[in-house]
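See structure below.
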Amino acid sequence: MQAYLLDFANFMLRWLHVIAAIAWIGESIYFVMLDNGLKKPKAAEDREKGVFGEMWAVHGGGFYHNQKYATAPAKLPDDLHWSFWKSYTTWLSGFALFVTLYMFNPGFYLVNPNANWEWAANMSGWQANVLALVFLVGGWVVYNELCKRISPDMTRDGLLSIAVAVMMVVVAYLSVQMFSGRAAFLLTGAVMATAMSANVFFWIIPGQRRMVNAMKAGETPNPLDGKRGKQRSVHNTYFTLPVVLLMISNHYSFAYNHEHAWVLMSLFIFAGALIRQFFVLMHAGKIQPAYPVAGVALILVAFWLGAPAGQPAATDRDTADEGAEFEEVHALVNQHCVACHSREPTQPGFAAPPAGIAYDSEDQILSQKSLIQQVVASKYMPLGNMTGMTDEEREVIAAWSE
C-alpha cells in the first residue's frame, strides 16, 4: 500500500507539474513576444501619458490593445495582475516529484555504482540525498553571484551570458560524475529551473513591488529594479527550452547512459538556447536563421556522438554457441529484472511492475525478447545498474537467438 500511495502521489504531482509548467512557460514566452513586438504609439495623447510601446492583436474573436508605460502611469489600478504563482507552483510540484520518486529511493535512482569517482559510487542513500540538495542550492548560489558580480548594473550582460554558459557545462559534467545518468540529466535541468523560479522570487517580484510602492507614494522608481527584472526574465526565457528537454530525457537512455553524457547534455542546452534566440529576435522583427541552423547543427552533432557503435565481428565462441541457451538468459532475468518486473515486485518503491511488464513466467520472458535485448544493450536496464549486471552478462542476452 505504501508503494501504491507513492505511485499515485507521483501521478498526481506529475499532472500538476506539467500543467503549471505549461502555464508558466506559455506566459513567459507570451510576455517576451509582447515586449519585443511593441511599436511606438501613434497617438500623441498616448505618448504624452508616457506610453512606451503598444501592440494590437486579435485572438478568440476579439481585439486587444496592449500598452507598456516607460514611467509610472497617472494611476495604478487596484486589481493589478501579478505573474508569480505559476512559477512557484511549477517549482514546488517539481521538487515534490523529485522527493517522492528520487529521494525516497536514492540508492536506486540517485547513486551511480559505476561512477568514475569512487566516493560517488560508494555513497549511501542519505548522502546522495544531501548531495542532490547541495547541488541544487549551490547551482543557484553560483549563478546568482555571477549575475551580481559580472553585471550588477546590467552593462555587461554579454560577458555574463558566456559565464552562465560555462557554468552550465560544469554543472553537466559534475552531475554525470556524481549521480546516475537519469538523475544527472534531471538535476542539471533542475538547477536551471531553480534559478528560474528563484529569479522570480528573489529579484523580479520584489523589484516590481518596490516600483509599484514608489509609484503609489508619488516617488520615482529605481530604474535598476526594472533593468534587473528584465535581465533575469531574459535569462529565464533562454533556460526554458533546455529545461523542458532535460525534464523529458529520462525516457532516452542513449543520452544519459552515454560515456560522454555531459557533452550530449551541453550540446542540447546550447541548441535550445540558440533556437530560443531565433524566436526572441523574430518577435522584434529580426529574422536571423543562423541561430536555428546552429541549434540544429548542435543537435546533429549530438546525434552523431550518441549513435551506437557498429556490431563487432563474430568470434569463434559466437559461432559455436550461436545464441545463448534460454536457461542462462532466464537465470539472468531472475537475477537482474524480476525484483521490479513482477506481478508482486520485491524492490522497495514499486507497487506494480513498471510499464505493466512482468517476467514471472518463461512465456512472459519469451514474449518480451526484443525489448529485453534492447534495454539491456543500451544499458537502460537494470535501472542505474543497481544489480550490477556485467558486460559479459549483457553479451549473453545480446547473443540470445532462440
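Identifiers in this document derive from the order of the C-alpha cells: chains are assigned A, B, ..., residues are numbered from 1 separately in each chain, and ligands are numbered from 1 in order of occurrence.
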Phe239 of chain A surroundings by only C-alpha atoms, 12 Å radius, close-in-sequence under 2 positions cut, as a short mmCIF file (atom, residue, chain, number, x, y, z; two decimals) with N, CA and C atoms, in the first residue's frame:
```
data_model
loop_
_atom_site.label_atom_id
_atom_site.label_comp_id
_atom_site.auth_asym_id
_atom_site.auth_seq_id
_atom_site.Cartn_x
_atom_site.Cartn_y
_atom_site.Cartn_z
N ILE A 25 5.51 28.67 -18.63
CA ILE A 25 6.31 28.84 -19.84
C ILE A 25 5.52 29.60 -20.90
N SER A 28 5.44 33.21 -19.96
CA SER A 28 6.76 33.80 -20.13
C SER A 28 7.05 34.07 -21.60
N ILE A 29 6.78 33.10 -22.46
CA ILE A 29 7.02 33.27 -23.89
C ILE A 29 6.13 34.37 -24.45
N SER A 161 26.46 36.22 -19.99
CA SER A 161 25.90 35.07 -20.73
C SER A 161 26.95 34.00 -20.97
N VAL A 164 27.58 32.19 -17.65
CA VAL A 164 26.50 31.25 -17.32
C VAL A 164 26.58 30.02 -18.20
N ALA A 165 26.94 30.20 -19.47
CA ALA A 165 27.10 29.05 -20.37
C ALA A 165 28.19 28.12 -19.87
N MET A 168 27.01 26.13 -16.90
CA MET A 168 26.13 25.01 -17.21
C MET A 168 26.91 23.80 -17.73
N THR A 188 20.53 18.56 -13.60
CA THR A 188 21.03 19.70 -14.38
C THR A 188 19.88 20.59 -14.81
N GLY A 189 18.79 19.96 -15.28
CA GLY A 189 17.60 20.75 -15.61
C GLY A 189 17.02 21.43 -14.39
N ALA A 190 17.07 20.74 -13.23
CA ALA A 190 16.53 21.31 -12.01
C ALA A 190 17.35 22.50 -11.52
N VAL A 191 18.66 22.50 -11.78
CA VAL A 191 19.49 23.66 -11.43
C VAL A 191 19.00 24.89 -12.19
N MET A 192 18.75 24.72 -13.49
CA MET A 192 18.24 25.84 -14.29
C MET A 192 16.84 26.23 -13.85
N ALA A 193 15.98 25.24 -13.60
CA ALA A 193 14.61 25.54 -13.18
C ALA A 193 14.59 26.24 -11.82
N THR A 194 15.49 25.84 -10.92
CA THR A 194 15.59 26.51 -9.62
C THR A 194 16.03 27.96 -9.79
N ALA A 195 16.99 28.19 -10.67
CA ALA A 195 17.44 29.56 -10.95
C ALA A 195 16.29 30.39 -11.52
N MET A 196 15.49 29.79 -12.39
CA MET A 196 14.36 30.50 -13.00
C MET A 196 13.35 30.94 -11.94
N SER A 197 12.95 29.99 -11.10
CA SER A 197 11.94 30.32 -10.08
C SER A 197 12.51 31.25 -9.02
N ASN A 199 14.81 33.47 -9.54
CA ASN A 199 14.84 34.80 -10.16
C ASN A 199 13.52 35.53 -9.92
N ARG A 232 16.87 39.16 -15.51
CA ARG A 232 16.55 37.82 -15.04
C ARG A 232 15.45 37.18 -15.87
N SER A 233 14.50 37.97 -16.37
CA SER A 233 13.45 37.43 -17.23
C SER A 233 14.03 36.92 -18.54
N VAL A 234 15.00 37.65 -19.07
CA VAL A 234 15.67 37.21 -20.30
C VAL A 234 16.40 35.90 -20.06
N HIS A 235 17.10 35.77 -18.94
CA HIS A 235 17.76 34.51 -18.62
C HIS A 235 16.75 33.37 -18.56
N ASN A 236 15.62 33.64 -17.93
CA ASN A 236 14.60 32.60 -17.81
C ASN A 236 14.12 32.11 -19.16
N THR A 237 13.96 33.03 -20.11
CA THR A 237 13.43 32.61 -21.41
C THR A 237 14.44 31.75 -22.17
N LEU A 241 13.73 26.21 -23.06
CA LEU A 241 13.79 25.03 -23.93
C LEU A 241 14.76 23.97 -23.41
N PRO A 242 15.96 24.33 -22.94
CA PRO A 242 16.82 23.29 -22.36
C PRO A 242 16.20 22.59 -21.16
N VAL A 243 15.52 23.33 -20.30
CA VAL A 243 14.91 22.71 -19.11
C VAL A 243 13.85 21.69 -19.52
N VAL A 244 12.99 22.05 -20.47
CA VAL A 244 11.95 21.13 -20.91
C VAL A 244 12.58 19.86 -21.48
N LEU A 245 13.62 20.00 -22.29
CA LEU A 245 14.27 18.83 -22.88
C LEU A 245 14.87 17.93 -21.80
N LEU A 246 15.56 18.52 -20.84
CA LEU A 246 16.19 17.72 -19.79
C LEU A 246 15.16 17.03 -18.91
N PHE A 268 22.73 19.85 -26.11
CA PHE A 268 21.28 20.08 -26.09
C PHE A 268 20.95 21.43 -25.44
N ILE A 269 21.65 21.77 -24.37
CA ILE A 269 21.39 23.05 -23.69
C ILE A 269 21.66 24.22 -24.63
N PHE A 270 22.80 24.20 -25.30
CA PHE A 270 23.15 25.30 -26.21
C PHE A 270 22.23 25.32 -27.42
N ALA A 271 21.84 24.15 -27.91
CA ALA A 271 20.92 24.10 -29.05
C ALA A 271 19.59 24.75 -28.68
N GLY A 272 19.07 24.43 -27.49
CA GLY A 272 17.81 25.02 -27.06
C GLY A 272 17.89 26.53 -26.92
N ALA A 273 19.01 27.02 -26.37
CA ALA A 273 19.18 28.46 -26.21
C ALA A 273 19.27 29.18 -27.56
N LEU A 274 19.97 28.57 -28.51
CA LEU A 274 20.10 29.17 -29.84
C LEU A 274 18.77 29.23 -30.57
N ILE A 275 18.00 28.16 -30.46
CA ILE A 275 16.68 28.14 -31.11
C ILE A 275 15.76 29.17 -30.47
N ARG A 276 15.84 29.29 -29.16
CA ARG A 276 15.02 30.30 -28.48
C ARG A 276 15.42 31.71 -28.91
N GLN A 277 16.71 31.92 -29.12
CA GLN A 277 17.19 33.23 -29.56
C GLN A 277 16.55 33.64 -30.89
#
```
What's the 8 Å shell around Leu267 of chain A, counting only C-alpha atoms, without same-chain residues fewer than 2 positions away, as a short mmCIF file (atom, residue, chain, number, x, y, z; two decimals) with C-alpha atoms, in the first residue's frame?
```cif
data_model
loop_
_atom_site.label_atom_id
_atom_site.label_comp_id
_atom_site.auth_asym_id
_atom_site.auth_seq_id
_atom_site.Cartn_x
_atom_site.Cartn_y
_atom_site.Cartn_z
CA VAL A 263 28.82 16.55 -23.66
CA LEU A 264 25.46 15.50 -25.10
CA MET A 265 23.73 17.43 -22.34
CA ILE A 269 21.39 23.05 -23.69
CA PHE A 270 23.15 25.30 -26.21
CA ALA A 271 20.92 24.10 -29.05
CA LEU A 298 24.45 21.05 -32.45
CA ILE A 299 21.59 18.54 -32.30
CA VAL A 301 26.46 16.62 -33.55
CA ALA A 302 24.71 15.12 -30.51
#
```
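Residues with any atom within 12 Å of Ser361 of chain A, counting only C-alpha atoms and excluding same-chain neighbours fewer than 4 positions away, are His330, Ala331, Val333, Asn334, Val338, His341, Ser342, Arg343, Ile357, Ile365, Leu366, Ser367 and Gln368 of chain A.
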* Asked: How would you write, as a PyMOL selection string, the set of residues in segment 78-151 of chain A that DSSP gives as alpha helix (DSSP H)?
  -> chain A and resi 85-98+106-109+118-121+125-150
Give me a file of those residues, with N, CA and C atoms, as a CSV table (one decimal), in the first residue's frame.
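Produced file again_5.csv, reproduced below:
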```
chain,number,residue,atom,x,y,z
A,85,TRP,N,2.6,33.0,-9.3
A,85,TRP,CA,2.2,31.7,-8.7
A,85,TRP,C,2.4,30.5,-9.7
A,86,LYS,N,2.4,30.8,-11.0
A,86,LYS,CA,2.7,29.7,-11.9
A,86,LYS,C,4.1,29.2,-11.8
A,87,SER,N,5.0,30.2,-11.6
A,87,SER,CA,6.4,29.8,-11.4
A,87,SER,C,6.6,29.0,-10.1
A,88,TYR,N,6.0,29.5,-9.0
A,88,TYR,CA,6.2,28.9,-7.7
A,88,TYR,C,5.6,27.5,-7.7
A,89,THR,N,4.4,27.3,-8.3
A,89,THR,CA,3.7,26.0,-8.4
A,89,THR,C,4.5,25.0,-9.2
A,90,THR,N,5.1,25.5,-10.3
A,90,THR,CA,5.9,24.6,-11.1
A,90,THR,C,7.1,24.1,-10.3
A,91,TRP,N,7.8,25.0,-9.6
A,91,TRP,CA,9.0,24.5,-8.9
A,91,TRP,C,8.6,23.7,-7.7
A,92,LEU,N,7.6,24.1,-6.9
A,92,LEU,CA,7.2,23.3,-5.8
A,92,LEU,C,6.7,21.9,-6.1
A,93,SER,N,5.9,21.8,-7.2
A,93,SER,CA,5.4,20.5,-7.6
A,93,SER,C,6.6,19.6,-8.2
A,94,GLY,N,7.5,20.3,-8.9
A,94,GLY,CA,8.6,19.6,-9.4
A,94,GLY,C,9.5,19.0,-8.3
A,95,PHE,N,9.8,19.9,-7.3
A,95,PHE,CA,10.6,19.4,-6.2
A,95,PHE,C,9.9,18.3,-5.4
A,96,ALA,N,8.6,18.4,-5.2
A,96,ALA,CA,7.8,17.3,-4.6
A,96,ALA,C,7.9,16.0,-5.4
A,97,LEU,N,7.9,16.1,-6.7
A,97,LEU,CA,8.1,14.9,-7.5
A,97,LEU,C,9.5,14.3,-7.3
A,98,PHE,N,10.5,15.2,-7.3
A,98,PHE,CA,11.8,14.7,-7.1
A,98,PHE,C,12.0,14.0,-5.7
A,106,PRO,N,16.9,6.7,-3.0
A,106,PRO,CA,18.1,7.3,-3.6
A,106,PRO,C,19.1,6.2,-4.0
A,107,GLY,N,19.1,5.1,-3.3
A,107,GLY,CA,20.1,4.1,-3.7
A,107,GLY,C,19.8,3.5,-5.1
A,108,PHE,N,18.5,3.6,-5.5
A,108,PHE,CA,18.1,3.1,-6.8
A,108,PHE,C,18.2,4.1,-7.9
A,109,TYR,N,17.8,5.4,-7.5
A,109,TYR,CA,17.6,6.4,-8.5
A,109,TYR,C,18.8,7.5,-8.6
A,118,GLU,N,35.3,7.2,-7.1
A,118,GLU,CA,35.0,6.1,-6.2
A,118,GLU,C,34.0,6.5,-5.0
A,119,TRP,N,34.2,7.7,-4.5
A,119,TRP,CA,33.4,8.1,-3.4
A,119,TRP,C,31.9,8.3,-3.8
A,120,ALA,N,31.7,8.7,-5.1
A,120,ALA,CA,30.4,8.8,-5.6
A,120,ALA,C,29.7,7.5,-5.8
A,121,ALA,N,30.5,6.5,-6.3
A,121,ALA,CA,29.9,5.1,-6.5
A,121,ALA,C,29.6,4.5,-5.1
A,125,GLY,N,22.5,6.1,0.6
A,125,GLY,CA,21.3,6.8,0.1
A,125,GLY,C,21.1,8.2,0.7
A,126,TRP,N,21.3,8.4,2.0
A,126,TRP,CA,21.2,9.7,2.6
A,126,TRP,C,22.2,10.7,2.2
A,127,GLN,N,23.4,10.2,1.9
A,127,GLN,CA,24.5,11.0,1.4
A,127,GLN,C,24.1,11.5,0.0
A,128,ALA,N,23.6,10.7,-0.8
A,128,ALA,CA,23.1,11.1,-2.2
A,128,ALA,C,22.0,12.1,-2.1
A,129,ASN,N,21.1,12.0,-1.2
A,129,ASN,CA,20.0,13.0,-1.0
A,129,ASN,C,20.6,14.3,-0.6
A,130,VAL,N,21.5,14.3,0.4
A,130,VAL,CA,22.1,15.6,0.8
A,130,VAL,C,22.9,16.2,-0.3
A,131,LEU,N,23.7,15.4,-1.1
A,131,LEU,CA,24.4,16.0,-2.2
A,131,LEU,C,23.5,16.6,-3.2
A,132,ALA,N,22.4,15.9,-3.5
A,132,ALA,CA,21.5,16.4,-4.5
A,132,ALA,C,20.9,17.8,-4.1
A,133,LEU,N,20.6,17.9,-2.8
A,133,LEU,CA,20.1,19.2,-2.3
A,133,LEU,C,21.2,20.3,-2.4
A,134,VAL,N,22.4,19.9,-2.0
A,134,VAL,CA,23.5,20.9,-2.1
A,134,VAL,C,23.7,21.3,-3.5
A,135,PHE,N,23.6,20.3,-4.4
A,135,PHE,CA,23.8,20.6,-5.8
A,135,PHE,C,22.8,21.7,-6.3
A,136,LEU,N,21.5,21.5,-6.0
A,136,LEU,CA,20.5,22.5,-6.4
A,136,LEU,C,20.8,23.8,-5.8
A,137,VAL,N,21.0,23.9,-4.5
A,137,VAL,CA,21.2,25.2,-3.8
A,137,VAL,C,22.5,25.8,-4.3
A,138,GLY,N,23.5,25.0,-4.5
A,138,GLY,CA,24.8,25.5,-4.9
A,138,GLY,C,24.7,26.1,-6.3
A,139,GLY,N,24.0,25.5,-7.2
A,139,GLY,CA,23.8,26.0,-8.6
A,139,GLY,C,23.2,27.3,-8.6
A,140,TRP,N,22.1,27.5,-7.7
A,140,TRP,CA,21.5,28.9,-7.7
A,140,TRP,C,22.5,29.9,-7.1
A,141,VAL,N,23.2,29.5,-6.0
A,141,VAL,CA,24.1,30.5,-5.4
A,141,VAL,C,25.2,30.9,-6.4
A,142,VAL,N,25.8,30.0,-7.1
A,142,VAL,CA,26.9,30.3,-8.1
A,142,VAL,C,26.3,31.2,-9.2
A,143,TYR,N,25.1,30.8,-9.8
A,143,TYR,CA,24.5,31.6,-10.8
A,143,TYR,C,24.2,33.0,-10.3
A,144,ASN,N,23.6,33.1,-9.2
A,144,ASN,CA,23.2,34.4,-8.6
A,144,ASN,C,24.5,35.3,-8.4
A,145,GLU,N,25.5,34.7,-7.9
A,145,GLU,CA,26.8,35.5,-7.7
A,145,GLU,C,27.4,36.0,-9.0
A,146,LEU,N,27.3,35.1,-10.0
A,146,LEU,CA,27.8,35.5,-11.3
A,146,LEU,C,27.0,36.8,-11.8
A,147,CYS,N,25.7,36.8,-11.7
A,147,CYS,CA,24.9,37.9,-12.1
A,147,CYS,C,25.3,39.2,-11.3
A,148,LYS,N,25.4,39.0,-10.0
A,148,LYS,CA,25.7,40.2,-9.1
A,148,LYS,C,27.1,40.8,-9.3
A,149,ARG,N,28.1,39.9,-9.6
A,149,ARG,CA,29.5,40.4,-9.7
A,149,ARG,C,29.9,40.8,-11.1
A,150,ILE,N,29.4,40.1,-12.1
A,150,ILE,CA,29.8,40.4,-13.5
A,150,ILE,C,29.0,41.5,-14.1
```
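Within segment 5-90 of chain A, residues classed as strand (DSSP E) by DSSP on backbone coordinates are A:Val51, A:Phe52, A:Gly53, A:Glu54, A:Met55, A:Trp56, A:Ala57, A:Val58, A:His59, A:Gly62, A:Phe63, A:Tyr64, A:His65, A:Asn66, A:Gln67, A:Lys68, A:Tyr69.
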Saved selection, atoms kept: C-alpha atoms, as an mmCIF file, in the first residue's frame:
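Printed below is selection-v4.cif as written:
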```cif
data_model
loop_
_atom_site.group_PDB
_atom_site.id
_atom_site.type_symbol
_atom_site.label_atom_id
_atom_site.label_comp_id
_atom_site.auth_asym_id
_atom_site.auth_seq_id
_atom_site.Cartn_x
_atom_site.Cartn_y
_atom_site.Cartn_z
ATOM 1 C CA VAL A 51 3.217 55.055 -23.181
ATOM 2 C CA PHE A 52 6.467 53.485 -24.354
ATOM 3 C CA GLY A 53 5.025 50.985 -26.823
ATOM 4 C CA GLU A 54 1.827 49.295 -27.897
ATOM 5 C CA MET A 55 0.582 46.223 -29.735
ATOM 6 C CA TRP A 56 -2.718 45.456 -31.385
ATOM 7 C CA ALA A 57 -3.703 41.783 -31.596
ATOM 8 C CA VAL A 58 -6.694 39.647 -32.489
ATOM 9 C CA HIS A 59 -7.473 36.392 -30.718
ATOM 10 C CA GLY A 62 -11.830 39.797 -30.102
ATOM 11 C CA PHE A 63 -9.282 42.587 -30.446
ATOM 12 C CA TYR A 64 -6.672 43.509 -27.850
ATOM 13 C CA HIS A 65 -4.725 46.730 -27.359
ATOM 14 C CA ASN A 66 -1.677 46.276 -25.107
ATOM 15 C CA GLN A 67 0.298 49.289 -23.919
ATOM 16 C CA LYS A 68 3.546 49.483 -21.953
ATOM 17 C CA TYR A 69 4.456 52.503 -19.838
#
```
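Here the question is which of A:Met381, A:Val280, A:Ala339, A:Leu13 gets nearest to His251 of chain A using only C-alpha atoms, and that residue is A:Met381.
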* To do: Please identify all polymer residues within 10 Å of Tyr173 of chain A, counting only C-alpha atoms, omitting same-chain residues fewer than 3 positions from it, and present them as JSON, numbers by chain.
  => {"A": [167, 168, 169, 170, 176, 177, 178, 184, 188, 260, 261, 262, 263, 265, 266]}
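For the set A:Gln288, A:Thr100, A:Gln373, A:Asn122, the residue with the smallest atom-to-atom gap to Arg14 of chain A is A:Thr100, counting only C-alpha atoms.
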Dump as a tab-separated table the rows for residues of segment 63-171 of chain A within 12 Å of segment 205-225 of chain A: closest atom pair and distance in Å with one decimal, only C-alpha atoms counted, ordered by chain and rising residue number.
```
residue	atom	partner	partner_atom	distance
A:Ala70	CA	A:Pro223	CA	10.1
A:Thr71	CA	A:Pro221	CA	8.4
A:Ala72	CA	A:Met215	CA	6.1
A:Pro73	CA	A:Met215	CA	8.4
A:Ala74	CA	A:Met215	CA	9.2
A:Lys75	CA	A:Lys216	CA	8.1
A:Leu76	CA	A:Lys216	CA	7.5
A:Pro77	CA	A:Lys216	CA	10.3
A:Asp78	CA	A:Lys216	CA	10.7
A:Leu80	CA	A:Val212	CA	9.8
A:His81	CA	A:Gln208	CA	11.5
A:Trp82	CA	A:Ile205	CA	8.3
A:Ser83	CA	A:Ile205	CA	8.3
A:Phe84	CA	A:Ile205	CA	7.4
A:Trp85	CA	A:Ile205	CA	10.7
A:Ser87	CA	A:Ile205	CA	11.2
A:Tyr88	CA	A:Ile205	CA	11.6
A:Ser151	CA	A:Leu224	CA	11.7
A:Pro152	CA	A:Leu224	CA	9.2
A:Asp153	CA	A:Leu224	CA	7.0
A:Met154	CA	A:Leu224	CA	8.4
A:Thr155	CA	A:Leu224	CA	11.1
```
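The residue that comes closest to Phe8 of chain A, out of A:Ser401, A:Leu101, A:Thr387, A:Leu186 and on the basis of only C-alpha atoms, is A:Leu101.
Distances to Glu362 of chain A were evaluated for A:Cys340, A:Val329, A:Tyr380, A:Tyr30 using only C-alpha atoms, and the minimum falls at A:Val329.
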* Atomic distance atom CA of Val376 of chain A - atom CA of Ser175 of chain A, expressed in Å with one decimal -> 23.2 Å
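One finds atom CA of Ala352 of chain A at 21.9 Å from atom CA of Ser253 of chain A.
When atom CA of Met247 of chain A is paired with atom CA of Leu159 of chain A, their separation reads 27.6 Å.
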